[in-house]
Each structure stands twice: as C-alpha cells, then as structure tokens.
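The next block is data.tsv, given as TSV, C-alpha atoms and all ligand atoms.
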chain	number	residue	atom	x	y	z
A	1	MET	CA	-18.91	6.78	-16.89
A	2	PRO	CA	-15.49	8.34	-16.87
A	3	LEU	CA	-12.34	7.29	-18.60
A	4	TYR	CA	-9.32	7.79	-16.39
A	5	ILE	CA	-5.74	7.86	-17.58
A	6	VAL	CA	-3.58	6.91	-14.61
A	7	ARG	CA	0.05	6.18	-13.97
A	8	ASN	CA	0.24	2.98	-11.99
A	9	ASP	CA	1.24	-0.66	-11.85
A	10	ILE	CA	-1.84	-2.47	-13.15
A	11	THR	CA	-1.42	-5.29	-10.62
A	12	LYS	CA	-2.23	-2.75	-7.88
A	13	MET	CA	-5.54	-1.62	-9.39
A	14	GLN	CA	-8.63	-2.28	-7.29
A	15	VAL	CA	-11.14	-2.80	-10.04
A	16	ASP	CA	-13.55	-5.51	-11.14
A	17	ALA	CA	-11.13	-6.60	-13.88
A	18	ILE	CA	-7.66	-5.82	-15.10
A	19	VAL	CA	-6.74	-6.65	-18.67
A	20	ASN	CA	-3.66	-8.68	-19.41
A	21	ALA	CA	-1.67	-8.22	-22.60
A	22	ALA	CA	-1.08	-11.94	-22.96
A	23	ASN	CA	0.31	-14.18	-25.72
A	24	HIS	CA	-1.52	-16.93	-27.65
A	25	THR	CA	-0.79	-19.62	-25.12
A	26	LEU	CA	-2.19	-17.65	-22.17
A	27	LEU	CA	0.44	-19.45	-20.13
A	28	GLY	CA	2.34	-16.38	-18.98
A	29	GLY	CA	5.18	-14.36	-20.43
A	30	GLY	CA	7.17	-11.22	-19.78
A	31	GLY	CA	6.14	-7.61	-19.28
A	32	VAL	CA	2.71	-6.93	-17.88
A	33	ASP	CA	1.75	-10.61	-18.34
A	34	GLY	CA	4.62	-11.72	-16.09
A	35	ALA	CA	3.78	-9.08	-13.49
A	36	ILE	CA	0.11	-10.14	-13.40
A	37	HIS	CA	0.91	-13.86	-13.04
A	38	LEU	CA	3.46	-13.11	-10.34
A	39	ALA	CA	1.00	-11.04	-8.33
A	40	ALA	CA	-1.99	-13.36	-8.87
A	41	GLY	CA	-0.14	-16.57	-7.95
A	42	GLN	CA	0.01	-20.11	-9.35
A	43	GLU	CA	-3.74	-20.59	-9.38
A	44	LEU	CA	-4.06	-18.10	-12.23
A	45	LEU	CA	-1.76	-20.22	-14.37
A	46	SER	CA	-3.77	-23.33	-13.48
A	47	GLU	CA	-7.00	-21.70	-14.66
A	48	CYS	CA	-5.28	-20.35	-17.79
A	49	ARG	CA	-4.25	-23.94	-18.67
A	50	THR	CA	-7.93	-24.83	-19.00
A	51	LEU	CA	-8.66	-22.06	-21.53
A	52	GLY	CA	-6.97	-23.53	-24.60
A	53	GLY	CA	-5.15	-20.35	-25.61
A	54	CYS	CA	-6.60	-17.30	-27.32
A	55	GLU	CA	-6.54	-15.76	-30.81
A	56	THR	CA	-5.18	-12.32	-31.56
A	57	GLY	CA	-7.84	-9.65	-30.97
A	58	LYS	CA	-9.98	-11.95	-28.80
A	59	ALA	CA	-10.31	-12.08	-24.99
A	60	LYS	CA	-10.93	-14.63	-22.21
A	61	ILE	CA	-11.68	-14.11	-18.55
A	62	THR	CA	-10.41	-15.73	-15.34
A	63	ALA	CA	-10.55	-14.98	-11.64
A	64	GLY	CA	-8.01	-12.57	-10.15
A	65	TYR	CA	-6.82	-14.80	-7.26
A	66	ASN	CA	-4.30	-12.85	-5.16
A	67	LEU	CA	-4.75	-9.66	-7.14
A	68	PRO	CA	-6.82	-6.78	-5.76
A	69	ALA	CA	-8.82	-7.07	-9.01
A	70	ARG	CA	-11.60	-9.69	-8.97
A	71	HIS	CA	-10.96	-10.82	-12.56
A	72	VAL	CA	-8.31	-10.85	-15.23
A	73	ILE	CA	-9.35	-10.46	-18.86
A	74	HIS	CA	-6.63	-11.91	-21.06
A	75	THR	CA	-6.36	-10.53	-24.55
A	76	VAL	CA	-3.76	-11.07	-27.25
A	77	GLY	CA	-2.52	-7.97	-29.03
A	78	PRO	CA	-1.04	-7.96	-32.54
A	79	VAL	CA	2.70	-7.94	-33.09
A	80	TRP	CA	3.61	-4.71	-34.93
A	81	GLN	CA	4.82	-5.49	-38.43
A	82	GLY	CA	4.83	-2.03	-39.91
A	83	GLY	CA	1.09	-1.38	-39.90
A	84	GLY	CA	0.10	-3.24	-43.06
A	85	GLN	CA	-1.02	-6.46	-41.39
A	86	ASN	CA	-4.32	-5.34	-39.93
A	87	GLU	CA	-2.60	-4.38	-36.69
A	88	LYS	CA	-4.87	-1.42	-36.01
A	89	GLU	CA	-8.10	-3.43	-36.37
A	90	LEU	CA	-6.68	-6.27	-34.29
A	91	LEU	CA	-5.60	-3.92	-31.54
A	92	ALA	CA	-9.01	-2.19	-31.52
A	93	SER	CA	-10.56	-5.63	-31.36
A	94	CYS	CA	-8.56	-6.41	-28.16
A	95	TYR	CA	-10.11	-3.40	-26.42
A	96	ARG	CA	-13.55	-4.14	-27.85
A	97	SER	CA	-13.54	-7.86	-26.95
A	98	SER	CA	-12.37	-7.07	-23.43
A	99	MET	CA	-15.06	-4.42	-22.96
A	100	GLU	CA	-17.74	-6.76	-24.29
A	101	LEU	CA	-16.68	-9.48	-21.86
A	102	ALA	CA	-16.73	-7.01	-18.98
A	103	LEU	CA	-20.21	-5.79	-19.93
A	104	GLU	CA	-21.53	-9.34	-20.36
A	105	ARG	CA	-20.37	-10.09	-16.83
A	106	GLY	CA	-21.90	-6.90	-15.46
A	107	LEU	CA	-18.54	-5.54	-14.33
A	108	GLU	CA	-18.46	-1.91	-13.27
A	109	SER	CA	-14.77	-1.08	-13.58
A	110	ILE	CA	-11.94	-2.24	-15.78
A	111	ALA	CA	-8.27	-1.28	-16.18
A	112	PHE	CA	-6.23	-1.69	-19.36
A	113	PRO	CA	-2.50	-1.55	-19.99
A	114	LEU	CA	-1.34	-0.12	-23.31
A	115	ILE	CA	-1.67	-3.41	-25.16
A	116	SER	CA	1.04	-4.40	-27.68
A	117	THR	CA	3.29	-1.45	-26.87
A	118	GLY	CA	5.99	-3.44	-25.10
A	119	ALA	CA	7.53	-6.58	-26.57
A	120	TYR	CA	5.03	-6.50	-29.46
A	121	GLY	CA	6.43	-3.17	-30.62
A	122	TYR	CA	3.29	-1.22	-31.54
A	123	PRO	CA	4.19	2.51	-31.72
A	124	LYS	CA	2.93	4.00	-28.49
A	125	ASP	CA	1.31	7.16	-29.82
A	126	GLN	CA	-0.65	5.18	-32.41
A	127	ALA	CA	-1.61	2.51	-29.89
A	128	LEU	CA	-2.84	5.19	-27.54
A	129	ARG	CA	-5.11	6.67	-30.22
A	130	VAL	CA	-6.58	3.24	-30.96
A	131	ALA	CA	-7.13	2.57	-27.25
A	132	LEU	CA	-8.76	5.92	-26.55
A	133	GLY	CA	-10.86	5.73	-29.71
A	134	VAL	CA	-12.49	2.47	-28.66
A	135	LEU	CA	-12.69	3.21	-24.94
A	136	GLU	CA	-14.30	6.63	-25.46
A	137	GLU	CA	-17.11	4.94	-27.37
A	138	TYR	CA	-17.80	2.60	-24.48
A	139	VAL	CA	-17.68	5.15	-21.65
A	140	LEU	CA	-20.07	7.40	-23.54
A	141	LYS	CA	-22.50	4.51	-23.97
A	142	TYR	CA	-22.26	2.36	-20.84
A	143	GLU	CA	-22.11	2.80	-17.07
A	144	ILE	CA	-18.65	1.36	-16.63
A	145	THR	CA	-15.56	3.08	-15.30
A	146	VAL	CA	-12.50	2.54	-17.45
A	147	TYR	CA	-8.86	3.10	-16.52
A	148	LEU	CA	-6.06	3.26	-19.01
A	149	VAL	CA	-2.99	2.45	-16.96
A	150	ILE	CA	0.30	3.91	-18.05
A	151	PHE	CA	3.20	2.18	-16.41
A	152	ASP	CA	5.97	4.69	-16.78
A	153	LYS	CA	6.60	8.12	-18.14
A	154	THR	CA	8.19	6.89	-21.36
A	155	SER	CA	5.28	4.63	-22.18
A	156	PHE	CA	3.03	7.63	-22.67
A	157	CYS	CA	3.37	9.33	-25.98
A	158	LEU	CA	1.16	12.07	-27.18
A	159	SER	CA	1.67	12.31	-30.92
A	160	GLU	CA	4.85	14.29	-31.41
A	161	GLU	CA	3.06	16.86	-33.52
A	162	LEU	CA	0.36	17.61	-30.93
A	163	PHE	CA	2.90	17.57	-28.12
A	164	SER	CA	5.07	20.18	-29.79
A	165	ARG	CA	2.10	22.33	-30.80
A	166	VAL	CA	0.78	22.38	-27.21
A	167	ALA	CA	4.28	22.91	-25.84
A	168	SER	CA	4.91	25.94	-28.05
A	169	TYR	CA	1.47	27.32	-27.15
A	170	ILE	CA	2.42	27.03	-23.48
A	171	ASP	CA	5.73	28.78	-24.17
A	172	ASP	CA	3.96	31.57	-26.03
A	173	GLY	CA	1.51	31.84	-23.13
A	174	TYR	CA	4.35	32.22	-20.66
A	175	ALA	CA	5.99	34.81	-22.91
A	176	ALA	CA	2.69	36.72	-23.03
A	177	VAL	CA	2.54	36.63	-19.23
A	178	ARG	CA	6.03	38.03	-19.00
A	179	GLU	CA	5.09	40.82	-21.41
A	180	GLU	CA	1.90	41.49	-19.49
A	181	GLU	CA	3.81	41.59	-16.21
A	182	GLU	CA	6.34	43.95	-17.74
A	183	GLY	CA	3.45	46.12	-19.01
A	184	GLN	CA	1.85	46.13	-15.57
A	185	ARG	CA	5.16	47.05	-13.96
A	186	ARG	CA	5.54	50.00	-16.34
A	187	GLU	CA	1.96	51.05	-15.69
A	188	ARG	CA	2.56	50.97	-11.94
A	189	GLN	CA	5.64	53.15	-12.41
A	190	MET	CA	3.66	55.62	-14.50
A	191	THR	CA	0.83	55.75	-11.97
A	192	ALA	CA	3.31	56.34	-9.16
A	193	LEU	CA	4.95	59.07	-11.22
A	194	SER	CA	1.67	60.83	-12.01
A	195	TYR	CA	0.66	60.58	-8.34
A	196	VAL	CA	3.90	62.26	-7.34
A	197	LYS	CA	3.28	64.98	-9.98
A	198	ARG	CA	-0.29	65.51	-8.78
A	199	ALA	CA	0.74	65.65	-5.16
A	200	ALA	CA	3.25	68.30	-6.07
A	201	ARG	CA	0.50	70.48	-7.64
A	202	PRO	CA	-1.15	73.17	-5.46
A	203	LYS	CA	-4.24	71.61	-3.83
A	204	LYS	CA	-7.72	72.61	-5.00
A	205	HIS	CA	-11.01	70.88	-4.54
A	206	ASP	CA	-11.30	69.33	-7.92
A	207	TRP	CA	-13.19	66.03	-7.94
A	208	SER	CA	-12.96	65.59	-11.67
A	209	ILE	CA	-10.17	63.10	-11.34
A	210	LEU	CA	-12.63	60.88	-9.50
A	211	SER	CA	-15.64	61.44	-11.71
A	212	ASP	CA	-13.93	60.47	-14.96
A	213	SER	CA	-14.44	56.78	-14.46
A	214	ALA	CA	-16.54	56.60	-11.30
A	215	PRO	CA	-20.17	55.73	-12.08
A	216	THR	CA	-22.93	58.15	-11.14
A	217	PRO	CA	-24.98	57.02	-8.11
A	218	ASP	CA	-27.64	55.65	-10.45
A	219	GLY	CA	-25.07	53.81	-12.52
A	220	ALA	CA	-23.42	52.50	-9.38
A	221	GLU	CA	-26.71	51.14	-8.08
A	222	ARG	CA	-27.42	49.47	-11.36
A	223	GLU	CA	-23.93	47.96	-11.42
A	224	LEU	CA	-24.39	46.67	-7.87
A	225	ALA	CA	-27.77	45.19	-8.71
A	226	ARG	CA	-26.28	43.46	-11.74
A	227	LEU	CA	-23.44	42.06	-9.67
A	228	LEU	CA	-25.84	40.79	-7.02
A	229	GLU	CA	-27.97	39.23	-9.71
A	230	GLU	CA	-24.91	37.43	-11.03
A	231	LEU	CA	-24.04	36.35	-7.52
A	232	ASP	CA	-27.54	34.96	-7.12
A	233	GLU	CA	-26.96	32.22	-9.61
A	234	SER	CA	-24.70	29.58	-8.13
A	235	PHE	CA	-22.40	27.35	-10.19
A	236	SER	CA	-24.82	24.49	-9.86
A	237	ARG	CA	-27.78	26.56	-11.10
A	238	ALA	CA	-25.75	28.04	-13.93
A	239	LEU	CA	-24.71	24.56	-15.00
A	240	LEU	CA	-28.28	23.24	-15.05
A	241	ARG	CA	-29.45	26.32	-16.94
A	242	LEU	CA	-26.70	25.91	-19.53
A	243	ILE	CA	-27.50	22.22	-20.00
A	244	ASP	CA	-31.11	23.22	-20.80
A	245	GLU	CA	-30.05	26.06	-23.04
A	246	LYS	CA	-27.80	23.74	-25.03
A	247	GLY	CA	-30.63	21.25	-25.40
A	248	MET	CA	-28.60	18.50	-23.74
A	249	THR	CA	-29.75	15.90	-21.25
A	250	ASP	CA	-27.96	15.62	-17.90
A	251	VAL	CA	-26.56	12.24	-18.92
A	252	GLN	CA	-25.20	13.53	-22.21
A	253	CYS	CA	-23.56	16.38	-20.38
A	254	TYR	CA	-21.87	14.51	-17.55
A	255	LYS	CA	-20.68	11.77	-19.89
A	256	LYS	CA	-19.22	14.29	-22.29
A	257	ALA	CA	-17.61	16.00	-19.29
A	258	ASN	CA	-16.06	12.69	-18.18
A	259	VAL	CA	-17.74	13.17	-14.80
A	260	ASP	CA	-19.33	10.22	-13.08
A	261	ARG	CA	-23.03	9.97	-12.34
A	262	LYS	CA	-22.71	10.19	-8.53
A	263	HIS	CA	-20.55	13.28	-8.76
A	264	PHE	CA	-23.06	14.93	-11.07
A	265	ALA	CA	-25.95	13.97	-8.77
A	266	LYS	CA	-24.16	15.71	-5.90
A	267	ILE	CA	-23.74	18.89	-7.92
A	268	ARG	CA	-27.37	18.78	-9.01
A	269	LYS	CA	-28.65	18.32	-5.47
A	270	ASP	CA	-26.53	20.94	-3.77
A	271	GLU	CA	-27.24	24.42	-5.02
A	272	PHE	CA	-24.10	25.70	-3.34
A	273	TYR	CA	-21.81	22.90	-4.41
A	274	ARG	CA	-18.22	24.08	-4.67
A	275	PRO	CA	-16.59	22.30	-7.59
A	276	SER	CA	-12.89	22.05	-8.29
A	277	LYS	CA	-11.47	23.93	-11.25
A	278	PRO	CA	-10.99	20.75	-13.36
A	279	THR	CA	-14.66	19.89	-12.78
A	280	VAL	CA	-15.85	23.32	-13.91
A	281	LEU	CA	-13.67	23.12	-16.99
A	282	ALA	CA	-14.89	19.62	-17.75
A	283	PHE	CA	-18.44	20.97	-17.90
A	284	ALA	CA	-17.34	23.99	-19.94
A	285	ILE	CA	-15.91	21.54	-22.46
A	286	ALA	CA	-19.01	19.34	-22.42
A	287	LEU	CA	-21.18	22.39	-23.02
A	288	GLU	CA	-18.81	23.59	-25.75
A	289	LEU	CA	-18.52	27.03	-24.18
A	290	ASN	CA	-16.28	29.58	-25.83
A	291	LEU	CA	-13.52	31.26	-23.83
A	292	LYS	CA	-15.70	34.10	-22.56
A	293	GLU	CA	-18.46	31.75	-21.46
A	294	THR	CA	-15.90	29.45	-19.86
A	295	GLU	CA	-14.50	32.38	-17.88
A	296	ALA	CA	-18.03	33.27	-16.75
A	297	LEU	CA	-18.73	29.72	-15.56
A	298	LEU	CA	-15.38	29.56	-13.78
A	299	LYS	CA	-16.19	32.82	-12.05
A	300	LYS	CA	-19.34	31.28	-10.58
A	301	ALA	CA	-17.10	28.85	-8.75
A	302	GLY	CA	-14.54	31.48	-7.78
A	303	PHE	CA	-11.93	30.64	-10.43
A	304	ALA	CA	-10.35	32.29	-13.43
A	305	LEU	CA	-8.16	31.17	-16.30
A	306	SER	CA	-4.58	32.14	-15.74
A	307	SER	CA	-1.91	32.48	-18.40
A	308	SER	CA	0.74	31.41	-15.95
A	309	SER	CA	-0.79	27.98	-15.38
A	310	ARG	CA	0.09	25.14	-17.74
A	311	PHE	CA	-3.18	23.44	-16.93
A	312	ASP	CA	-5.19	26.53	-17.89
A	313	LEU	CA	-3.16	27.14	-21.02
A	314	ILE	CA	-3.66	23.60	-22.28
A	315	VAL	CA	-7.43	23.77	-21.80
A	316	LYS	CA	-7.44	27.21	-23.41
A	317	TYR	CA	-5.50	25.82	-26.37
A	318	PHE	CA	-8.25	23.30	-27.09
A	319	ILE	CA	-11.15	25.71	-26.50
A	320	GLU	CA	-9.63	28.26	-28.86
A	321	ARG	CA	-9.45	25.60	-31.54
A	322	GLY	CA	-13.00	24.42	-30.93
A	323	ASN	CA	-11.78	20.97	-29.93
A	324	TYR	CA	-14.20	19.87	-27.21
A	325	ASN	CA	-13.14	16.25	-26.93
A	326	VAL	CA	-12.47	15.84	-23.21
A	327	PHE	CA	-10.52	12.64	-23.80
A	328	GLU	CA	-8.10	14.31	-26.19
A	329	ILE	CA	-7.68	17.22	-23.81
A	330	ASN	CA	-6.99	14.79	-20.97
A	331	GLU	CA	-4.45	13.02	-23.14
A	332	ALA	CA	-2.58	16.30	-23.53
A	333	LEU	CA	-2.96	17.21	-19.85
A	334	PHE	CA	-1.62	13.82	-18.86
A	335	ALA	CA	1.37	14.20	-21.16
A	336	PHE	CA	2.19	17.48	-19.44
A	337	ASP	CA	1.66	16.02	-15.94
A	338	GLN	CA	-1.43	18.07	-15.19
A	339	SER	CA	-4.67	17.17	-13.41
A	340	LEU	CA	-7.26	15.72	-15.75
A	341	LEU	CA	-10.69	17.12	-16.51
A	342	GLY	CA	-13.69	15.56	-14.85
A	343	ALA	CA	-12.35	12.27	-13.65
A	401	LIG	P1	2.91	-6.62	-25.34
A	401	LIG	O1	3.54	-7.96	-25.52
A	401	LIG	O2	1.44	-6.62	-25.63
A	401	LIG	O3	3.64	-5.55	-26.05
A	401	LIG	P2	4.09	-5.87	-22.78
A	401	LIG	O4	3.76	-6.46	-21.46
A	401	LIG	O5	5.46	-6.13	-23.30
A	401	LIG	O6	2.95	-6.39	-23.76
A	401	LIG	O7	3.82	-4.31	-22.74
A	401	LIG	C1	2.55	-3.72	-22.82
A	401	LIG	C2	2.53	-2.41	-22.05
A	401	LIG	O8	2.38	-2.71	-20.67
A	401	LIG	C3	3.82	-1.60	-22.16
A	401	LIG	O9	3.47	-0.26	-22.45
A	401	LIG	C4	4.46	-1.73	-20.80
A	401	LIG	O10	5.14	-0.53	-20.44
A	401	LIG	C5	3.24	-1.90	-19.92
A	401	LIG	N1	3.48	-2.55	-18.64
A	401	LIG	C6	4.47	-3.41	-18.26
A	401	LIG	N2	4.32	-3.79	-16.98
A	401	LIG	C7	3.19	-3.14	-16.52
A	401	LIG	C8	2.50	-3.09	-15.28
A	401	LIG	N3	2.91	-3.78	-14.21
A	401	LIG	N4	1.39	-2.30	-15.18
A	401	LIG	C9	0.95	-1.61	-16.25
A	401	LIG	N5	1.55	-1.61	-17.45
A	401	LIG	C10	2.66	-2.35	-17.58
Write-out of the structure in structure tokens:
Amino acid sequence: MPLYIVRNDITKMQVDAIVNAANHTLLGGGGVDGAIHLAAGQELLSECRTLGGCETGKAKITAGYNLPARHVIHTVGPVWQGGGQNEKELLASCYRSSMELALERGLESIAFPLISTGAYGYPKDQALRVALGVLEEYVLKYEITVYLVIFDKTSFCLSEELFSRVASYIDDGYAAVREEEEGQRRERQMTALSYVKRAARPKKHDWSILSDSAPTPDGAERELARLLEELDESFSRALLRLIDEKGMTDVQCYKKANVDRKHFAKIRKDEFYRPSKPTVLAFAIALELNLKETEALLKKAGFALSSSSRFDLIVKYFIERGNYNVFEINEALFAFDQSLLGA
C-alpha cells in the first residue's frame, strides 16, 4: 500500500493510529506529544498512567479518545548525541516497533511524525532517510497505508546534496527551455522570411516544395495505419502489457508505483481509464521505463514531459540516472512542493 508524505498537523489525521513521539514516562511533554495529549483529552493521560513508561525504540498503544484517529501508538525516540550512541538503530526501531504493533492489531492506516527531530535534536535529513528506509520496507510488504506527516516547511529536509543537485538540474532545464524557445523564435522568423521571399517569386506550378517531406500516398496510408494502431492500445492495456513484458506481477507493480490496490483495480477494469500524469509516471517508474518509453506511455494518456515543468524535470532527473525508487523521487518532489507520484 502507498506511503504518503503529507504536510499536516498529525492530530488532524483520520487514520487508524497516529504515532506519538513521546518520552520515557509516556505522561506527556512538549512538541507533538503535547499537541496529541491536548487534542485527545485527559483520558489519554489516564490510560498512559497505566502503561508503566516505555523504553527507547519500543512502542505502546492506547485509544485515541477525542482524536480523529482511533489509536495512538506511543514510541520513544533516541536523543541525538552525535550519532555514535546507536541513535540510527534506535530510531529505526521506533518505526519498526510501531509498524509491528499496528500490524498485530490489524490496523489499515498509520501516520508518523518525524520522530526525534524536535526537542531530541536528530538531524532532519538523516532522520527522514531512516524513516523512509523502514517505512518503504513495510508498504512494499503489507497492505497498510502509511503517512509520514511533516508539520512545517522547515521540518522537511532533503539531504542538502540531493537538493542542490536537483535544483541545479531544474535550473539547467529552464535554461534549456529558454534556449529552445529562442531557437524556435528564430526559426519562425526564418520561415516567415523565406515565405515572403517565395511569395515574391514569379508563380509557377511547382509542387516540389510540398513533396520534399510529404509522404507518398502509400507512405501516408501506412503512417495513418500505424497511428491508428497506436491509438488502439489504451493506457490501461499498454500498462498491463508492459507489466507482462517486464515479468512483474500486478501487485509488485502497483506497490512499486506507490499506487493503492483499489486504484490499480479500477485501472485494470476500465480499458479507457484516464489516469492523471503523476499516476502514469508512477507506473513508468515502477516498470523502470527509460525516457523514450516513459514518453510513449504518457502519450497513451494524452500527456508529455515538459521541460518547463518542475514536476516533469524532477522525474526526468531520476529516470535519466536510472533511479527508480518512487519513495526517493517523492521525497524530492515533496521538497520542491510538487505533486507526488502514485499516492
Ligand atoms: P522529539 O522529542 O521526538 O524530537 P518533538 O515533538 O519535539 O519530538 O518533534 C518531533 C517532530 O514532530 C518535529 O519534526 C516537529 O516539527 C514535529 N511536530 C510537532 N508538532 C507536530 C504536530 N502537531 N503534527 C505533526 N508533527 C509535529
């Protein structure tokens, strides 16, 4: 099931469980812990009193009381001490223990804050990698929808290096568009000029200017037949064909695309399903299509990659580098305020 990165206040999430970045006592604190207790009401604290605290990296579950979420999973993140005190393993263990509890209880959706990245001082870009690393594993394996809730803009940090590489790629892309536009403008001028020159020539019935590039009737018919053939195959059919050709199962494909099962079932059932561009690209990534193949799949749904769209450029950046990890691509898209793939 999909992994969503969303910007929200976790206390507003309507899910089976939200995760609380609590402290050892489980008796409330500041940050997200304070916000959750405030929204859930006194009864949450009363239940927490019965739990006897919690160790770092472990998790315990309570009801959600006044929250829109049915449960709260309380986990205790590590305090950042420079990275040499097992912080990474302990943080991963918070996500793992919470997921295991959710699965044990048969929960179908869960929302996490970025644990340890507030008062506990864990560097946000590193914490994000740990979170996504563990959560990706679970969404690929189990039917549970996972949200990673980012509270504010500053609490989301793509690693600086990746951020600046993608940013400069986008800048280069825009520069290329400007050059292309300039080229097209010059070409239009030239065409207009040659038209004026031709019009000024004495008229004679010379069709050669047409026949240079125009196909012969036979060629034209063949071209039309080919186009109609291409038209014949809808996006949905093309997708199912590609899944077979790549030797994937449907489940492998929609999970890798970060698309949920119901959404995929709809596409499968409706031959003329009209997907959104992010959905098409999500499947292109899952199928590990190269740029040309991606363009062809997009075309089936009436889209194209544009060099003047940040969204398109970011996806292109990853495809060109053969990085087909939808979660990493979404991380970058989120950092640049773009729609995410699949989910
Ligand atoms: P910790 O003690 O584990 O560092 P904090 O609550 O101080 O926990 O911060 C953890 C993360 O939760 C931070 O990134 C912070 O921005 C975020 N956060 C704070 N309030 C909320 C909220 N209401 N919803 C979602 N995330 C929140």
Between A:Glu245, A:Glu89, A:Asp337, A:Glu331, single out the one closest to Lys58 of chain A, counting only C-alpha atoms.
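With only C-alpha atoms as the atom set, the closest residue is A:Glu89.
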Interatomic distance (Å, one decimal) between atom CA of Ala131 of chain A and atom CA of Trp80 of chain A:
15.1 Å
Segment 67-70 of chain A environment, 7 Å, only C-alpha atoms, sequence neighbours closer than 5 positions dropped, as an mmCIF file with C-alpha atoms, keeping the file's coordinate frame:
data_model
loop_
_atom_site.group_PDB
_atom_site.id
_atom_site.type_symbol
_atom_site.label_atom_id
_atom_site.label_comp_id
_atom_site.auth_asym_id
_atom_site.auth_seq_id
_atom_site.Cartn_x
_atom_site.Cartn_y
_atom_site.Cartn_z
ATOM 1 C CA THR A 11 -1.420 -5.290 -10.620
ATOM 2 C CA LYS A 12 -2.230 -2.750 -7.880
ATOM 3 C CA MET A 13 -5.540 -1.620 -9.390
ATOM 4 C CA GLN A 14 -8.630 -2.280 -7.290
ATOM 5 C CA VAL A 15 -11.140 -2.800 -10.040
ATOM 6 C CA ASP A 16 -13.550 -5.510 -11.140
ATOM 7 C CA ALA A 17 -11.130 -6.600 -13.880
ATOM 8 C CA ILE A 18 -7.660 -5.820 -15.100
ATOM 9 C CA ALA A 39 1.000 -11.040 -8.330
ATOM 10 C CA ALA A 40 -1.990 -13.360 -8.870
#
Test item: residues no farther than 9 Å from ligand LIG 401 (chain A), counting only C-alpha atoms and all ligand atoms, as a PyMOL selection string:
chain A and resi 7-12+20-23+29-36+75-80+112-122+124+148-152+154-156
Of the candidates A:Arg129, A:Lys266, A:Lys300, A:His24, which shows the shortest atom-to-atom distance to Lys88 of chain A, using all atoms listed in the file?
A:Arg129
Minimum-distance residue to Ile285 of chain A, chosen among A:Glu328, A:Glu100, A:Glu55, A:Glu108 (using only C-alpha atoms):
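Closest residue, counting only C-alpha atoms: A:Glu328.
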If you count all atoms listed in the file, which residues fall within 8 Å of segment 256-265 of chain A, apart from same-chain ones fewer than 3 positions away, as a ChimeraX atom specification?
/A:1-3,140,251-253,268-269,279,282-283,285-286,325-327,341-343
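Between atom CA of Ala167 of chain A and atom CA of Leu287 of chain A the separation is 25.6 Å.
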